[in-house]
Amino acid sequence: MPETMTSMQRVLTALRFQEADRVPYFLLLTMHGAREMGLPIRDYFARPDLIAEAQLRMRARYGHDCLLAFSYASAEIEAFGGEVLFFEDGPPNSGLPFIQTPEQIARLAPPRIEDAPCLVRVLETIALLKTRSRGEVPVIAVVMSPFSLPVMQMGFEGYLRLLYDRPDLFARLMAVNEAFCVAWANAQLKAGATFVVYYDPVSSATITTLEQYRAFGLPIAKRTIARIDGPVATHFASGRCLPILDDLAQTGTAAVGVSIHEDMAALKTACAGRMSLVGNLNGIDMRRWSAAQAETAVKQALAQAGPGGGFILSDNHGEIPWQVPERVLDDIAAAVRCWGRYPLAWIQGGP
């Protein structure tokens, strides 16, 4: 059956827990755009026009259902005045934490979006993608959660000490980060983003207990997401989330990015009618997949989570590694187009 929907229609149908013409899929490609444009990663991320062009070229090749305006997570640290380290074959990362002592938090203020060139470039990229896609393809924006950002701001050890030893300064840091997160999310929506991905790995069950999530990550997410002026998806960047799904549903998130380390069928059952699933192809193993392995992985995910809608096929981390070859991306795209057409009648017991 030929495709009859635009990517925007297909994704919105899935998010309404309905079956579209086929299962939508996201290839969340950031660094691959540098390869597409023949540039070092650092030079590529400095040019919104090149990022937009690469995103459009890659979508034309692979046929996936999104355009990704995100460049690198440490851009938020850069906006605070922190250091960013660039690499030739991987994502930029934050350097030495800019919060060296808890007392610095008392003087910390959220950066102004318009004063941070690294953030302005993202807004320019979003505007270009929105215009050139004519509203037919979702444009994805990204923010780091206020609860997870401190890992880059002050290092994991320093953050854990703050959390339990200085509740007053922890509350102050969360107030700063929440204000920044809301402003950054809404600026991206105003620039033309379709929805915002709220990355919150520290809240995942891989890192945080249920009791800790309820004490910290959950109330922060509820306060923050309520102030974002558009739909939000929560992603745990490979972290487990099944134990916290009932609580997560209270935040207002529309979808959840899920881990390869949890059973998709169980996740689908737990989320049914409340949140859509995004995931969960293994981005690390993907580096070495043959065409047959890519097809098997795609079919398994489709069989477990595809029937009934409420599912977007993607990788499990939220960013496909630089080392994944283009031929594997071609194989994933081919497998979705072959096996992802609704009503997925090939699934035993399916509709």
# chains A, B, ... in the order shown; residues from 1 in each chain; ligands from 1
call {"tool": "closest_atom_pairs", "arguments": {"of": "segment 3-99 of chain A", "to": "segment 150-164 of chain A", "cutoff": "6 Å", "atoms": "only C-alpha atoms", "output": "tab-separated table"}}
result
residue	atom	partner	partner_atom	distance
A:Pro97	CA	A:Met154	CA	4.7
A:Phe98	CA	A:Gln153	CA	5.9
A:Ile99	CA	A:Met154	CA	4.8
call {"tool": "write_last_selection", "arguments": {"atoms": "N, CA and C atoms", "output": "PDB file, in the first residue's frame"}}
result
ATOM      1  N   PRO A  97      33.495  21.126  34.996  1.00  0.00           N
ATOM      2  CA  PRO A  97      32.267  21.744  35.524  1.00  0.00           C
ATOM      3  C   PRO A  97      32.492  23.194  35.937  1.00  0.00           C
ATOM      4  N   PHE A  98      31.567  24.052  35.539  1.00  0.00           N
ATOM      5  CA  PHE A  98      31.758  25.471  35.846  1.00  0.00           C
ATOM      6  C   PHE A  98      31.300  25.822  37.258  1.00  0.00           C
ATOM      7  N   ILE A  99      30.545  24.936  37.907  1.00  0.00           N
ATOM      8  CA  ILE A  99      30.218  25.121  39.320  1.00  0.00           C
ATOM      9  C   ILE A  99      31.213  24.295  40.122  1.00  0.00           C
TER      10      ILE A  99
END
call {"tool": "select_by_dssp", "arguments": {"residues": "segment 202-314 of chain A", "states": "helix (DSSP H, G or I)", "output": "VMD selection string"}}
result
chain A and resid 202 to 203 210 to 226 242 to 251 264 to 271 285 to 288 291 to 305
call {"tool": "residues_around", "arguments": {"residues": "Ala187 of chain A", "least_positions_apart": "3", "cutoff": "8 Å", "atoms": "only C-alpha atoms", "output": "list in words"}}
result
Ile113, Leu123, Ala183, Trp184, Lys190 and Ala191 of chain A
call {"tool": "write_last_selection", "arguments": {"atoms": "N, CA and C atoms", "output": "compact mmCIF listing (two decimals), in the first residue's frame"}}
result
# COMPACT_ATOMS: atom_id res chain seq x y z
N ILE A 113 18.50 33.66 26.40
CA ILE A 113 18.59 32.88 25.17
C ILE A 113 19.25 33.71 24.06
N LEU A 123 17.85 28.08 17.17
CA LEU A 123 16.61 28.74 16.79
C LEU A 123 16.59 29.04 15.29
N ALA A 183 12.22 28.68 29.45
CA ALA A 183 12.50 29.72 28.46
C ALA A 183 13.08 29.13 27.19
N TRP A 184 13.98 28.16 27.32
CA TRP A 184 14.62 27.55 26.16
C TRP A 184 13.63 26.71 25.36
N LYS A 190 8.45 28.69 19.74
CA LYS A 190 8.12 29.93 19.04
C LYS A 190 8.83 30.02 17.70
N ALA A 191 10.04 29.47 17.63
CA ALA A 191 10.80 29.49 16.38
C ALA A 191 10.23 28.54 15.33
call {"tool": "select_by_dssp", "arguments": {"residues": "segment 84-294 of chain A", "states": "strand (DSSP E or B)", "output": "list in words"}}
result
Val84, Leu85, Asn93, Ser94, Val139, Ile140, Ala141, Val142, Val143, Met144, Phe195, Val196, Val197, Tyr198, Tyr199, Val232, Ala233, Thr234, His235, Ala255, Val256, Gly257, Ser276, Leu277, Val278, Gly279, Asn280 and Leu281 of chain A
call {"tool": "closest_residue", "arguments": {"among": "A:Leu189, A:Met174, A:Ala106, A:Met286", "to": "Val122 of chain A", "atoms": "only C-alpha atoms"}}
result
A:Leu189
call {"tool": "closest_residue", "arguments": {"among": "A:Gln9, A:Asn177, A:Ser74, A:Asn280", "to": "Phe147 of chain A", "atoms": "only C-alpha atoms"}}
result
A:Asn177
call {"tool": "closest_atom_pairs", "arguments": {"of": "segment 226-272 of chain A", "to": "segment 312-322 of chain A", "cutoff": "8 Å", "atoms": "only C-alpha atoms", "output": "JSON lines"}}
result
{"residue": "A:His235", "atom": "CA", "partner": "A:Gly318", "partner_atom": "CA", "distance": 7.4}
{"residue": "A:Phe236", "atom": "CA", "partner": "A:His317", "partner_atom": "CA", "distance": 7.6}
{"residue": "A:Ala237", "atom": "CA", "partner": "A:His317", "partner_atom": "CA", "distance": 4.3}
{"residue": "A:Ser238", "atom": "CA", "partner": "A:His317", "partner_atom": "CA", "distance": 4.6}
{"residue": "A:Gly257", "atom": "CA", "partner": "A:Asn316", "partner_atom": "CA", "distance": 6.8}
{"residue": "A:Val258", "atom": "CA", "partner": "A:Asn316", "partner_atom": "CA", "distance": 5.9}
{"residue": "A:Ser259", "atom": "CA", "partner": "A:Asn316", "partner_atom": "CA", "distance": 5.1}
{"residue": "A:Ile260", "atom": "CA", "partner": "A:Asn316", "partner_atom": "CA", "distance": 5.9}
call {"tool": "write_last_selection", "arguments": {"atoms": "N, CA and C atoms", "output": "mmCIF file, in the first residue's frame"}}
result
data_model
loop_
_atom_site.group_PDB
_atom_site.id
_atom_site.type_symbol
_atom_site.label_atom_id
_atom_site.label_comp_id
_atom_site.auth_asym_id
_atom_site.auth_seq_id
_atom_site.Cartn_x
_atom_site.Cartn_y
_atom_site.Cartn_z
ATOM 1 N N HIS A 235 12.446 11.713 27.503
ATOM 2 C CA HIS A 235 13.397 10.683 27.075
ATOM 3 C C HIS A 235 14.421 10.467 28.181
ATOM 4 N N PHE A 236 14.726 9.200 28.446
ATOM 5 C CA PHE A 236 15.658 8.863 29.518
ATOM 6 C C PHE A 236 17.030 8.432 28.995
ATOM 7 N N ALA A 237 17.294 8.641 27.703
ATOM 8 C CA ALA A 237 18.630 8.437 27.121
ATOM 9 C C ALA A 237 19.209 7.076 27.493
ATOM 10 N N SER A 238 18.486 6.024 27.137
ATOM 11 C CA SER A 238 18.869 4.627 27.368
ATOM 12 C C SER A 238 18.527 4.129 28.762
ATOM 13 N N GLY A 257 10.603 8.070 25.563
ATOM 14 C CA GLY A 257 11.669 7.347 24.902
ATOM 15 C C GLY A 257 12.140 6.215 25.789
ATOM 16 N N VAL A 258 12.152 4.990 25.257
ATOM 17 C CA VAL A 258 12.352 3.809 26.099
ATOM 18 C C VAL A 258 13.650 3.081 25.751
ATOM 19 N N SER A 259 14.103 2.285 26.711
ATOM 20 C CA SER A 259 15.404 1.637 26.656
ATOM 21 C C SER A 259 15.334 0.260 26.016
ATOM 22 N N ILE A 260 16.437 -0.141 25.412
ATOM 23 C CA ILE A 260 16.561 -1.488 24.872
ATOM 24 C C ILE A 260 16.595 -2.522 25.993
#
call {"tool": "residues_around", "arguments": {"residues": "Ala75 of chain A", "least_positions_apart": "6", "cutoff": "8 Å", "atoms": "only C-alpha atoms", "output": "ChimeraX atom specification"}}
result
/A:84,118-119
call {"tool": "closest_residue", "arguments": {"among": "A:Ala297, A:Ala69, A:Val336, A:Ala305", "to": "Leu50 of chain A", "atoms": "only C-alpha atoms"}}
result
A:Ala69
call {"tool": "atom_distance", "arguments": {"atom1": "atom CA of Trp289 of chain A", "atom2": "atom CA of Pro24 of chain A"}}
result
21.1 Å
call {"tool": "closest_residue", "arguments": {"among": "A:Gly38, A:Gly283, A:Pro231, A:Gly340", "to": "Ala301 of chain A", "atoms": "only C-alpha atoms"}}
result
A:Gly340
call {"tool": "residues_around", "arguments": {"residues": "Leu210 of chain A", "least_positions_apart": "3", "cutoff": "12 Å", "atoms": "only C-alpha atoms", "output": "list of chain:residue names"}}
result
A:Val202, A:Ser203, A:Ser204, A:Ala205, A:Thr206, A:Ile207, A:Tyr213, A:Arg214, A:Ala215, A:Phe216, A:Gly217, A:Leu218, A:Arg240, A:Cys241, A:Leu242, A:Pro243, A:Ile244, A:Leu245, A:Asp246, A:Asp247, A:Leu248
